[in-house]
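Shown next: final-v5.txt, containing compact mmCIF, C-alpha atoms.
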# COMPACT_ATOMS: atom_id res chain seq x y z
CA MET A 1 184.12 -72.04 45.58
CA SER A 2 185.51 -73.63 48.71
CA ARG A 3 184.12 -71.04 51.11
CA PHE A 4 180.63 -71.51 49.65
CA PHE A 5 181.02 -75.27 49.91
CA LEU A 6 182.15 -75.17 53.54
CA LYS A 7 179.41 -72.80 54.62
CA SER A 8 176.90 -74.88 52.71
CA PHE A 9 178.08 -78.01 54.51
CA PHE A 10 177.32 -76.53 57.91
CA LEU A 11 173.98 -75.08 56.80
CA PHE A 12 173.04 -78.36 55.18
CA SER A 13 173.94 -80.29 58.34
CA THR A 14 171.77 -77.94 60.38
CA PHE A 15 168.93 -78.36 57.91
CA LEU A 16 169.14 -82.15 58.17
CA VAL A 17 168.79 -81.97 61.95
CA ILE A 18 165.73 -79.72 61.69
CA TYR A 19 164.39 -81.82 58.85
CA SER A 20 164.65 -85.03 60.91
CA CYS A 21 163.35 -83.55 64.16
CA SER A 22 160.36 -81.95 62.49
CA SER A 23 159.39 -85.17 60.81
CA SER A 24 159.34 -87.08 64.09
CA LYS A 25 157.16 -84.73 66.15
CA LYS A 26 153.79 -85.80 64.72
CA ALA A 27 152.13 -88.57 62.78
CA GLN A 28 153.67 -88.32 59.36
CA VAL A 29 151.80 -87.05 56.32
CA ASP A 30 152.42 -88.99 53.11
CA THR A 31 151.13 -86.49 50.55
CA ILE A 32 151.02 -82.74 50.07
CA ASP A 33 147.76 -80.98 49.19
CA GLU A 34 149.36 -77.85 47.75
CA ASP A 35 146.10 -75.88 47.61
CA SER A 36 145.38 -76.41 51.29
CA LEU A 37 148.98 -75.69 52.32
CA LYS A 38 149.52 -72.43 50.45
CA ARG A 39 151.07 -69.81 52.71
CA GLU A 40 151.77 -66.15 52.21
CA GLN A 41 155.53 -66.08 51.79
CA THR A 42 156.60 -62.47 52.19
CA ILE A 43 159.58 -61.45 50.06
CA VAL A 44 162.43 -60.24 52.23
CA PRO A 45 164.56 -57.56 50.52
CA ASP A 46 168.37 -57.59 50.30
CA THR A 47 168.83 -61.10 51.69
CA PHE A 48 167.81 -64.73 51.36
CA VAL A 49 165.39 -66.33 53.82
CA PHE A 50 164.24 -69.95 53.80
CA PRO A 51 160.51 -70.42 53.19
CA ASP A 52 158.28 -71.42 56.08
CA VAL A 53 157.41 -75.11 55.77
CA PRO A 54 153.81 -75.64 57.01
CA ASP A 55 153.57 -77.54 60.29
CA GLU A 56 150.99 -79.81 58.67
CA ILE A 57 153.74 -81.38 56.60
CA THR A 58 155.50 -83.73 58.98
CA LYS A 59 156.87 -86.52 56.79
CA ALA A 60 160.56 -85.89 56.08
CA GLU A 61 160.37 -86.57 52.35
CA ALA A 62 157.32 -84.33 51.98
CA ARG A 63 159.03 -81.50 53.84
CA ALA A 64 162.02 -81.74 51.50
CA GLU A 65 159.77 -81.66 48.44
CA TYR A 66 157.89 -78.64 49.74
CA LEU A 67 161.16 -76.88 50.45
CA VAL A 68 162.62 -77.37 46.96
CA MET A 69 159.38 -76.20 45.34
CA HIS A 70 159.15 -73.09 47.55
CA TYR A 71 162.85 -72.49 48.20
CA TRP A 72 162.98 -69.09 46.45
CA ASP A 73 159.53 -67.82 47.51
CA ARG A 74 160.97 -65.11 49.76
CA PHE A 75 163.82 -64.08 47.46
CA ASP A 76 163.53 -60.87 45.47
CA PHE A 77 164.35 -61.92 41.91
CA ALA A 78 163.52 -58.42 40.68
CA ASP A 79 166.46 -56.92 42.60
CA GLU A 80 169.38 -57.37 40.22
CA LYS A 81 171.76 -55.87 42.80
CA LEU A 82 171.61 -59.25 44.52
CA THR A 83 173.62 -60.68 41.61
CA LEU A 84 176.52 -58.66 43.01
CA ARG A 85 176.13 -60.24 46.46
CA PRO A 86 177.55 -63.77 46.13
CA GLU A 87 177.51 -64.20 49.91
CA ILE A 88 173.72 -64.04 49.61
CA THR A 89 172.66 -65.31 46.19
CA GLU A 90 175.44 -67.71 45.26
CA GLN A 91 175.50 -69.17 48.76
CA ALA A 92 171.73 -69.69 48.63
CA PHE A 93 172.16 -71.44 45.28
CA VAL A 94 174.81 -73.81 46.68
CA ASP A 95 172.53 -74.67 49.61
CA TYR A 96 169.69 -75.21 47.13
CA ILE A 97 171.79 -77.77 45.23
CA ASN A 98 172.32 -79.73 48.44
CA ILE A 99 168.58 -79.88 49.11
CA LEU A 100 167.85 -80.99 45.54
CA SER A 101 169.72 -84.21 46.32
CA LEU A 102 167.08 -85.09 48.93
CA VAL A 103 164.15 -85.35 46.53
CA PRO A 104 163.30 -87.57 43.54
CA PHE A 105 164.78 -86.43 40.24
CA ASP A 106 161.39 -85.50 38.73
CA LYS A 107 160.73 -83.12 41.64
CA ALA A 108 164.24 -81.68 41.40
CA LYS A 109 163.74 -81.09 37.66
CA GLU A 110 160.41 -79.37 38.28
CA SER A 111 162.02 -77.16 40.89
CA LEU A 112 164.93 -76.21 38.63
CA ILE A 113 162.58 -75.13 35.84
CA LEU A 114 160.42 -73.18 38.31
CA THR A 115 163.52 -71.43 39.66
CA LEU A 116 164.50 -70.20 36.21
CA LYS A 117 160.97 -69.00 35.53
CA LYS A 118 161.09 -67.00 38.76
CA ALA A 119 164.47 -65.58 37.77
CA GLY A 120 162.81 -64.28 34.61
CA ALA A 121 161.56 -61.36 36.71
CA ASP A 122 164.80 -59.61 35.68
CA ASN A 123 167.03 -60.27 32.66
CA VAL A 124 170.24 -59.75 34.63
CA MET A 125 169.05 -62.11 37.36
CA TYR A 126 168.02 -64.72 34.80
CA SER A 127 171.42 -64.58 33.13
CA TYR A 128 173.11 -64.83 36.54
CA PHE A 129 171.20 -67.99 37.46
CA GLY A 130 172.23 -69.47 34.11
CA THR A 131 175.85 -68.67 34.98
CA LEU A 132 175.52 -70.23 38.44
CA SER A 133 174.03 -73.38 36.93
CA ASP A 134 176.91 -73.55 34.45
CA LYS A 135 179.48 -73.09 37.22
CA TYR A 136 178.12 -75.66 39.64
CA PHE A 137 176.37 -78.28 37.47
CA TYR A 138 178.81 -78.27 34.53
CA GLY A 139 182.11 -76.90 35.82
CA SER A 140 184.93 -79.46 35.70
CA ASN A 141 186.11 -78.59 39.22
CA SER A 142 182.70 -78.25 40.84
CA PRO A 143 181.99 -80.65 43.73
CA PHE A 144 178.30 -80.43 42.73
CA ARG A 145 178.77 -81.28 39.05
CA ASN A 146 175.59 -82.95 37.82
CA GLU A 147 174.75 -83.00 34.13
CA GLU A 148 171.33 -84.56 34.73
CA PHE A 149 170.35 -81.51 36.80
CA TYR A 150 171.90 -79.24 34.18
CA ILE A 151 169.97 -80.69 31.21
CA PRO A 152 166.52 -79.26 32.14
CA VAL A 153 168.19 -75.92 32.90
CA LEU A 154 169.88 -75.90 29.49
CA GLN A 155 166.63 -76.83 27.77
CA GLU A 156 165.08 -73.72 29.28
CA LEU A 157 168.05 -71.46 28.58
CA VAL A 158 168.34 -72.27 24.86
CA ASN A 159 164.72 -71.21 24.33
CA SER A 160 164.85 -68.13 26.51
CA ASN A 161 164.27 -64.55 25.40
CA PHE A 162 166.09 -63.21 28.46
CA ILE A 163 169.68 -63.89 27.39
CA SER A 164 171.86 -62.91 24.44
CA GLU A 165 172.20 -64.98 21.28
CA ALA A 166 175.87 -65.51 22.12
CA ASP A 167 174.95 -67.05 25.48
CA LYS A 168 172.25 -69.19 23.86
CA SER A 169 174.79 -70.45 21.33
CA ARG A 170 177.13 -71.49 24.16
CA TYR A 171 174.30 -73.22 26.02
CA ARG A 172 173.19 -75.00 22.82
CA PHE A 173 176.69 -76.42 22.45
CA GLN A 174 176.71 -77.55 26.08
CA LEU A 175 173.30 -79.19 25.66
CA GLU A 176 174.52 -81.03 22.56
CA MET A 177 177.52 -82.35 24.48
CA VAL A 178 175.80 -83.35 27.74
CA MET A 179 173.22 -85.35 25.81
CA LYS A 180 176.02 -87.58 24.49
CA ASN A 181 177.26 -90.69 26.33
CA ARG A 182 174.83 -90.32 29.22
CA VAL A 183 174.71 -92.95 31.94
CA GLY A 184 172.71 -95.91 30.66
CA GLN A 185 173.30 -95.04 27.01
CA THR A 186 175.67 -96.83 24.65
CA ALA A 187 178.87 -94.81 24.40
CA ASN A 188 179.96 -93.46 21.03
CA ASP A 189 182.34 -95.76 19.19
CA PHE A 190 185.65 -94.47 17.88
CA SER A 191 188.88 -95.69 16.31
CA TYR A 192 192.03 -95.84 18.41
CA THR A 193 195.56 -96.28 17.12
CA LEU A 194 198.30 -98.23 18.89
CA ALA A 195 202.03 -97.44 18.93
CA SER A 196 202.45 -100.14 16.26
CA GLY A 197 200.26 -98.11 13.95
CA GLN A 198 197.43 -100.64 14.09
CA THR A 199 193.98 -99.05 14.34
CA LYS A 200 191.05 -100.74 16.09
CA LYS A 201 187.51 -99.87 17.14
CA MET A 202 186.63 -99.31 20.78
CA TYR A 203 183.56 -101.54 20.30
CA SER A 204 185.88 -104.42 19.35
CA ILE A 205 187.27 -104.64 22.89
CA ARG A 206 185.84 -107.72 24.60
CA SER A 207 185.78 -107.04 28.31
CA GLU A 208 183.23 -107.18 31.10
CA TYR A 209 184.19 -103.62 32.04
CA LEU A 210 186.15 -100.98 30.20
CA VAL A 211 187.79 -98.02 31.93
CA LEU A 212 188.17 -95.35 29.26
CA MET A 213 190.68 -92.63 30.08
CA PHE A 214 191.36 -89.60 27.90
CA SER A 215 194.77 -88.35 29.01
CA ASN A 216 197.80 -86.30 28.03
CA PRO A 217 201.46 -87.15 28.77
CA GLY A 218 202.22 -83.56 29.72
CA CYS A 219 199.48 -83.42 32.35
CA SER A 220 200.56 -83.81 35.99
CA THR A 221 197.02 -84.68 37.07
CA CYS A 222 196.95 -87.43 34.44
CA ALA A 223 200.13 -88.86 35.93
CA SER A 224 198.61 -88.82 39.42
CA VAL A 225 195.40 -90.48 38.26
CA THR A 226 197.33 -93.09 36.27
CA ASN A 227 199.48 -93.87 39.30
CA ALA A 228 196.45 -94.11 41.60
CA LEU A 229 194.58 -96.42 39.25
CA ALA A 230 197.65 -98.59 38.68
CA LYS A 231 198.17 -99.00 42.42
CA SER A 232 194.50 -99.39 43.33
CA PRO A 233 194.00 -102.66 45.25
CA THR A 234 190.39 -102.79 44.05
CA LEU A 235 191.28 -102.48 40.37
CA ASN A 236 194.22 -104.84 40.71
CA GLU A 237 191.89 -107.41 42.22
CA ALA A 238 189.64 -107.03 39.17
CA PHE A 239 192.68 -107.41 36.90
CA SER A 240 193.58 -110.62 38.74
CA MET A 241 190.29 -112.10 37.49
CA ASN A 242 191.34 -111.70 33.85
CA SER A 243 192.05 -115.04 32.17
CA PRO A 244 192.52 -116.44 28.65
CA THR A 245 188.79 -117.15 28.50
CA ARG A 246 187.42 -114.09 30.26
CA THR A 247 188.50 -110.46 30.56
CA MET A 248 187.01 -108.81 33.61
CA ILE A 249 188.55 -105.37 33.15
CA THR A 250 190.42 -103.42 30.48
CA VAL A 251 191.86 -99.94 30.78
CA LEU A 252 192.12 -98.04 27.50
CA THR A 253 193.97 -94.72 27.50
CA VAL A 254 193.42 -92.37 24.57
CA TYR A 255 195.63 -89.41 23.76
CA PRO A 256 193.28 -86.92 22.02
CA ASP A 257 195.86 -84.38 20.81
CA GLU A 258 198.36 -84.15 17.95
CA ASP A 259 201.92 -84.45 19.34
CA ILE A 260 202.34 -88.18 18.77
CA ASN A 261 206.09 -88.07 19.41
CA GLU A 262 205.48 -86.75 22.92
CA TRP A 263 202.90 -89.48 23.47
CA ARG A 264 205.34 -92.18 22.28
CA SER A 265 208.13 -90.91 24.52
CA HIS A 266 205.85 -91.23 27.54
CA LEU A 267 204.71 -94.81 26.88
CA PRO A 268 207.47 -96.53 28.93
CA GLN A 269 206.09 -94.79 32.03
CA MET A 270 202.57 -96.17 31.52
CA PRO A 271 201.21 -99.41 33.05
CA ALA A 272 202.11 -102.37 30.86
CA ASN A 273 198.79 -104.18 31.38
CA TRP A 274 196.72 -101.32 29.93
CA ILE A 275 196.01 -100.53 26.28
CA HIS A 276 197.55 -97.21 25.24
CA SER A 277 196.43 -95.41 22.12
CA TYR A 278 196.05 -92.08 20.38
CA ASP A 279 193.25 -90.52 18.33
CA LYS A 280 194.70 -90.45 14.81
CA GLY A 281 193.60 -87.25 13.10
CA THR A 282 191.94 -86.01 16.34
CA VAL A 283 188.62 -87.37 15.07
CA ILE A 284 187.07 -87.57 18.54
CA THR A 285 187.53 -83.84 19.03
CA LYS A 286 186.58 -82.84 15.50
CA GLN A 287 183.42 -84.93 15.49
CA LYS A 288 182.63 -84.01 19.11
CA LEU A 289 182.16 -87.67 20.04
CA TYR A 290 183.03 -87.05 23.70
CA ASP A 291 182.86 -83.99 25.91
CA ILE A 292 186.49 -83.79 27.01
CA ARG A 293 186.39 -80.60 29.08
CA ALA A 294 189.32 -81.46 31.31
CA ILE A 295 192.19 -83.92 31.23
CA PRO A 296 192.06 -86.63 32.40
CA THR A 297 188.46 -87.66 31.69
CA LEU A 298 187.32 -91.06 32.94
CA TYR A 299 184.41 -93.25 31.82
CA LEU A 300 183.38 -96.72 32.96
CA LEU A 301 181.56 -98.85 30.39
CA ASP A 302 180.00 -102.31 30.64
CA LYS A 303 180.49 -105.21 28.23
CA ASP A 304 177.90 -103.76 25.85
CA LYS A 305 179.67 -100.39 25.97
CA LYS A 306 176.85 -98.80 27.93
CA VAL A 307 177.95 -95.98 30.21
CA ILE A 308 178.04 -96.86 33.90
CA LEU A 309 180.01 -93.81 35.06
CA LYS A 310 180.48 -90.65 33.00
CA ASP A 311 183.29 -88.12 33.44
CA THR A 312 183.90 -89.74 36.78
CA SER A 313 186.50 -89.97 39.55
CA ILE A 314 188.97 -92.60 40.73
CA GLU A 315 186.95 -92.96 43.92
CA ALA A 316 183.74 -93.69 42.01
CA VAL A 317 185.46 -96.31 39.84
CA GLU A 318 186.99 -97.98 42.90
CA SER A 319 183.65 -97.87 44.71
CA PHE A 320 181.97 -99.61 41.79
CA PHE A 321 184.48 -102.46 41.75
CA ALA A 322 184.41 -102.74 45.52
CA LYS A 323 180.76 -103.83 45.27
CA PRO A 324 179.80 -107.36 44.25
CA ASN A 325 179.14 -107.31 40.50
CA GLU A 326 177.42 -110.14 38.68
Could the structure of this file be written out as structure tokens, please?
Amino acid sequence: MSRFFLKSFFLFSTFLVIYSCSSSKKAQVDTIDEDSLKREQTIVPDTFVFPDVPDEITKAEARAEYLVMHYWDRFDFADEKLTLRPEITEQAFVDYINILSLVPFDKAKESLILTLKKAGADNVMYSYFGTLSDKYFYGSNSPFRNEEFYIPVLQELVNSNFISEADKSRYRFQLEMVMKNRVGQTANDFSYTLASGQTKKMYSIRSEYLVLMFSNPGCSTCASVTNALAKSPTLNEAFSMNSPTRTMITVLTVYPDEDINEWRSHLPQMPANWIHSYDKGTVITKQKLYDIRAIPTLYLLDKDKKVILKDTSIEAVESFFAKPNE
């Protein structure tokens, strides 16, 4: 993935320069009259070529919107051999993701659906674009992970006649999971059990902000994330605002697996000012309350347990607390 990401970075940087320069040459156009700006976009075989953006479109935002809606106009979706050429097709897809970030979500969603419809020219191609979407929008290690972009894709895939029932079943499961605990929604409640054996509800935690961390004592990445959060000046500053009358921040770790003895043996190594718990009976996993695809998984919730950050990073959590919060 790294070579696609690096190449995409340079192509994206080049595009931004062209994008900015083009938008400054003439008086800017605020809207696009699609009928008057239709151009014959000749399909170029055995490669990917960017569409020609009409000169009449001079406003930067309008050029980006035209590009995402016509991005694949010159690509031969009927040539399934291009699914075996990642340096062409997969690279074009990575560049496409970068451009999606430049337009409003509704336009990006429209473009994603249109892209899949175009890919329907060939069953193999359609399946391949589903796989690329899975890899880059849903993959735990993808730098482009974006469930909100993936949702409209999944909604198309689960109703498609171009893919196998086995693939549709997998996509249905993914759609079920990504629709849970979305940003802005109230997170699913669950019971957590302390080392003392006492069981409490996550909703019972009274705190302005709750960092929820699903982790495993045998996971080296979990140890690194725990250490980074414990030493974070930003989070420690938030902790310093906790008082007997107000709790600014709480960190709740949840062990979602079954080896409780291993979890107990690791507790002395965990930060003392956090709450450490395990999921008794692995209910979270069995009831599919959270989509724990990789360990650790981090969420940031507000005082009403609404999701601020989902399946997020240390950097995003620190960035949030670095900003003034009312």
Counting all atoms listed in the file, which residue out of A:Met69, A:Ile113, A:Ala60, A:Ile43 sits closest to Phe129 (chain A)?
A:Ile113
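Among the candidate residues A:Thr245, A:Thr297, A:Thr83, A:Asn227, the one lying nearest to Pro271 (chain A) is A:Asn227, with distances computed using only C-alpha atoms.
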Using all atoms listed in the file, which residues of region 249-315 of chain A come within 9 Å of region 173-183 of chain A, and what is the closest atom pair for each, with the distance in Å to one decimal? Give it as a Markdown table, sorted by chain and residue number.
| residue | atom | partner | partner_atom | distance |
| --- | --- | --- | --- | --- |
| A:Lys288 | CA | A:Met177 | CA | 7.6 |
| A:Leu289 | CA | A:Lys180 | CA | 7.6 |
| A:Tyr290 | CA | A:Lys180 | CA | 7.1 |
| A:Asp291 | CA | A:Met177 | CA | 5.8 |
| A:Lys306 | CA | A:Val183 | CA | 7.4 |
| A:Val307 | CA | A:Val183 | CA | 4.8 |
| A:Ile308 | CA | A:Val183 | CA | 5.5 |
| A:Leu309 | CA | A:Val183 | CA | 6.2 |
| A:Lys310 | CA | A:Val183 | CA | 6.3 |
Print the selection's residues with C-alpha atoms to a file, as a PDB file, in the coordinates of the input.
ATOM      1  CA  LYS A 288     182.630 -84.010  19.110  1.00  0.00           C
ATOM      2  CA  LEU A 289     182.160 -87.670  20.040  1.00  0.00           C
ATOM      3  CA  TYR A 290     183.030 -87.050  23.700  1.00  0.00           C
ATOM      4  CA  ASP A 291     182.860 -83.990  25.910  1.00  0.00           C
ATOM      5  CA  LYS A 306     176.850 -98.800  27.930  1.00  0.00           C
ATOM      6  CA  VAL A 307     177.950 -95.980  30.210  1.00  0.00           C
ATOM      7  CA  ILE A 308     178.040 -96.860  33.900  1.00  0.00           C
ATOM      8  CA  LEU A 309     180.010 -93.810  35.060  1.00  0.00           C
ATOM      9  CA  LYS A 310     180.480 -90.650  33.000  1.00  0.00           C
TER      10      LYS A 310
END
Residue among A:Lys286, A:Lys280, A:Lys231, A:Arg264 lying closest to Thr199 (chain A), counting all atoms listed in the file:
A:Lys280
Write out as number ranges by chain each polymer residue whose atoms come within 8 Å of Gly281 (chain A), counting all atoms listed in the file; drop sequence neighbours fewer than 2 positions from it.
A: 258, 279, 283
Let me see the file: selected residues, C-alpha atoms, as a JSON list (two decimals), in the coordinates of the input.
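Below is the file out-v7.json, written as the result:
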[["chain", "number", "residue", "atom", "x", "y", "z"],
["A", 258, "GLU", "CA", 198.36, -84.15, 17.95],
["A", 279, "ASP", "CA", 193.25, -90.52, 18.33],
["A", 283, "VAL", "CA", 188.62, -87.37, 15.07]]
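Using only C-alpha atoms, the nearest neighbour of Ser204 (chain A) within the list A:Phe320, A:Lys303, A:Val254, A:Ala78 is A:Lys303.
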Pick from A:Thr247, A:Thr234, A:Asn98, A:Thr186, whichever lies nearest to Ile205 (chain A) using only C-alpha atoms
A:Thr247
Counting all atoms listed in the file, find residues at most 12 Å from (156.9, -72.7, 53.5) (file frame) and give them as a short mmCIF file (atom, residue, chain, number, x, y, z; two decimals) with C-alpha atoms, in the coordinates of the input.
data_model
loop_
_atom_site.label_atom_id
_atom_site.label_comp_id
_atom_site.auth_asym_id
_atom_site.auth_seq_id
_atom_site.Cartn_x
_atom_site.Cartn_y
_atom_site.Cartn_z
CA GLU A 34 149.36 -77.85 47.75
CA LEU A 37 148.98 -75.69 52.32
CA LYS A 38 149.52 -72.43 50.45
CA ARG A 39 151.07 -69.81 52.71
CA GLU A 40 151.77 -66.15 52.21
CA GLN A 41 155.53 -66.08 51.79
CA THR A 42 156.60 -62.47 52.19
CA VAL A 49 165.39 -66.33 53.82
CA PHE A 50 164.24 -69.95 53.80
CA PRO A 51 160.51 -70.42 53.19
CA ASP A 52 158.28 -71.42 56.08
CA VAL A 53 157.41 -75.11 55.77
CA PRO A 54 153.81 -75.64 57.01
CA ASP A 55 153.57 -77.54 60.29
CA GLU A 56 150.99 -79.81 58.67
CA ILE A 57 153.74 -81.38 56.60
CA ALA A 62 157.32 -84.33 51.98
CA ARG A 63 159.03 -81.50 53.84
CA ALA A 64 162.02 -81.74 51.50
CA GLU A 65 159.77 -81.66 48.44
CA TYR A 66 157.89 -78.64 49.74
CA LEU A 67 161.16 -76.88 50.45
CA VAL A 68 162.62 -77.37 46.96
CA MET A 69 159.38 -76.20 45.34
CA HIS A 70 159.15 -73.09 47.55
CA TYR A 71 162.85 -72.49 48.20
CA TRP A 72 162.98 -69.09 46.45
CA ASP A 73 159.53 -67.82 47.51
CA ARG A 74 160.97 -65.11 49.76
#
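Between CA of Tyr128 (chain A) and CA of Val44 (chain A) the separation is 19.5 Å.
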One decimal, Å: what's the distance from CA of Pro217 (chain A) over to CA of Arg145 (chain A), could you say?
25.6 Å
How would you write as a ChimeraX atom specification the residues that get within 12 Å of (197.5, -102.7, 40.9) in the file's frame, counting only C-alpha atoms?
/A:226-240,251,271-274,318
So that I can check the surroundings of Leu267 (chain A), please list as a ChimeraX atom specification every protein, DNA and RNA residue that reaches within 12 Å of it, counting all atoms listed in the file and ignoring chain neighbours fewer than 4 positions away.
/A:194-195,216-218,223,253-255,260-263,271-278
Excluding Ser169 (chain A) and any residue of its chain fewer than 3 positions from it, enumerate the residues within 12 Å of it, using only C-alpha atoms, and give them as a ChimeraX atom specification.
/A:154,157-160,163-166,172-176
Write out, as a PDB file, keeping the file's coordinate frame, the residues just selected, with C-alpha atoms.
ATOM      1  CA  LEU A 154     169.880 -75.900  29.490  1.00  0.00           C
ATOM      2  CA  LEU A 157     168.050 -71.460  28.580  1.00  0.00           C
ATOM      3  CA  VAL A 158     168.340 -72.270  24.860  1.00  0.00           C
ATOM      4  CA  ASN A 159     164.720 -71.210  24.330  1.00  0.00           C
ATOM      5  CA  SER A 160     164.850 -68.130  26.510  1.00  0.00           C
ATOM      6  CA  ILE A 163     169.680 -63.890  27.390  1.00  0.00           C
ATOM      7  CA  SER A 164     171.860 -62.910  24.440  1.00  0.00           C
ATOM      8  CA  GLU A 165     172.200 -64.980  21.280  1.00  0.00           C
ATOM      9  CA  ALA A 166     175.870 -65.510  22.120  1.00  0.00           C
ATOM     10  CA  ARG A 172     173.190 -75.000  22.820  1.00  0.00           C
ATOM     11  CA  PHE A 173     176.690 -76.420  22.450  1.00  0.00           C
ATOM     12  CA  GLN A 174     176.710 -77.550  26.080  1.00  0.00           C
ATOM     13  CA  LEU A 175     173.300 -79.190  25.660  1.00  0.00           C
ATOM     14  CA  GLU A 176     174.520 -81.030  22.560  1.00  0.00           C
TER      15      GLU A 176
END
Skipping near chain neighbours, those fewer than 3 positions away, what residues fall within 9 Å of Lys305 (chain A) using all atoms listed in the file, listed as a ChimeraX atom specification?
/A:185-189,202-203,209-210,300-302,308
Please produce an output containing C-alpha atoms for each residue in the selection, written as a CSV table (one decimal), keeping the file's coordinate frame.
chain,number,residue,atom,x,y,z
A,185,GLN,CA,173.3,-95.0,27.0
A,186,THR,CA,175.7,-96.8,24.6
A,187,ALA,CA,178.9,-94.8,24.4
A,188,ASN,CA,180.0,-93.5,21.0
A,189,ASP,CA,182.3,-95.8,19.2
A,202,MET,CA,186.6,-99.3,20.8
A,203,TYR,CA,183.6,-101.5,20.3
A,209,TYR,CA,184.2,-103.6,32.0
A,210,LEU,CA,186.2,-101.0,30.2
A,300,LEU,CA,183.4,-96.7,33.0
A,301,LEU,CA,181.6,-98.8,30.4
A,302,ASP,CA,180.0,-102.3,30.6
A,308,ILE,CA,178.0,-96.9,33.9
Just need the box for region 236-249 of chain A, edges along x, y and z, holding every atom the file lists for it with 4 Å tacked onto each side, so centre and edge lengths in Å to one decimal, as AutoDock Vina command-line options.
--center_x 190.6 --center_y -111.0 --center_z 35.4 --size_x 15.2 --size_y 20.3 --size_z 21.7
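Of note, CA of Val103 (chain A) and CA of Glu61 (chain A) are spaced 7.0 Å apart.
The closest residue to Glu90 (chain A), picked from A:Thr47, A:Pro244, A:Lys118, A:Lys107 and counting only C-alpha atoms, is A:Thr47.
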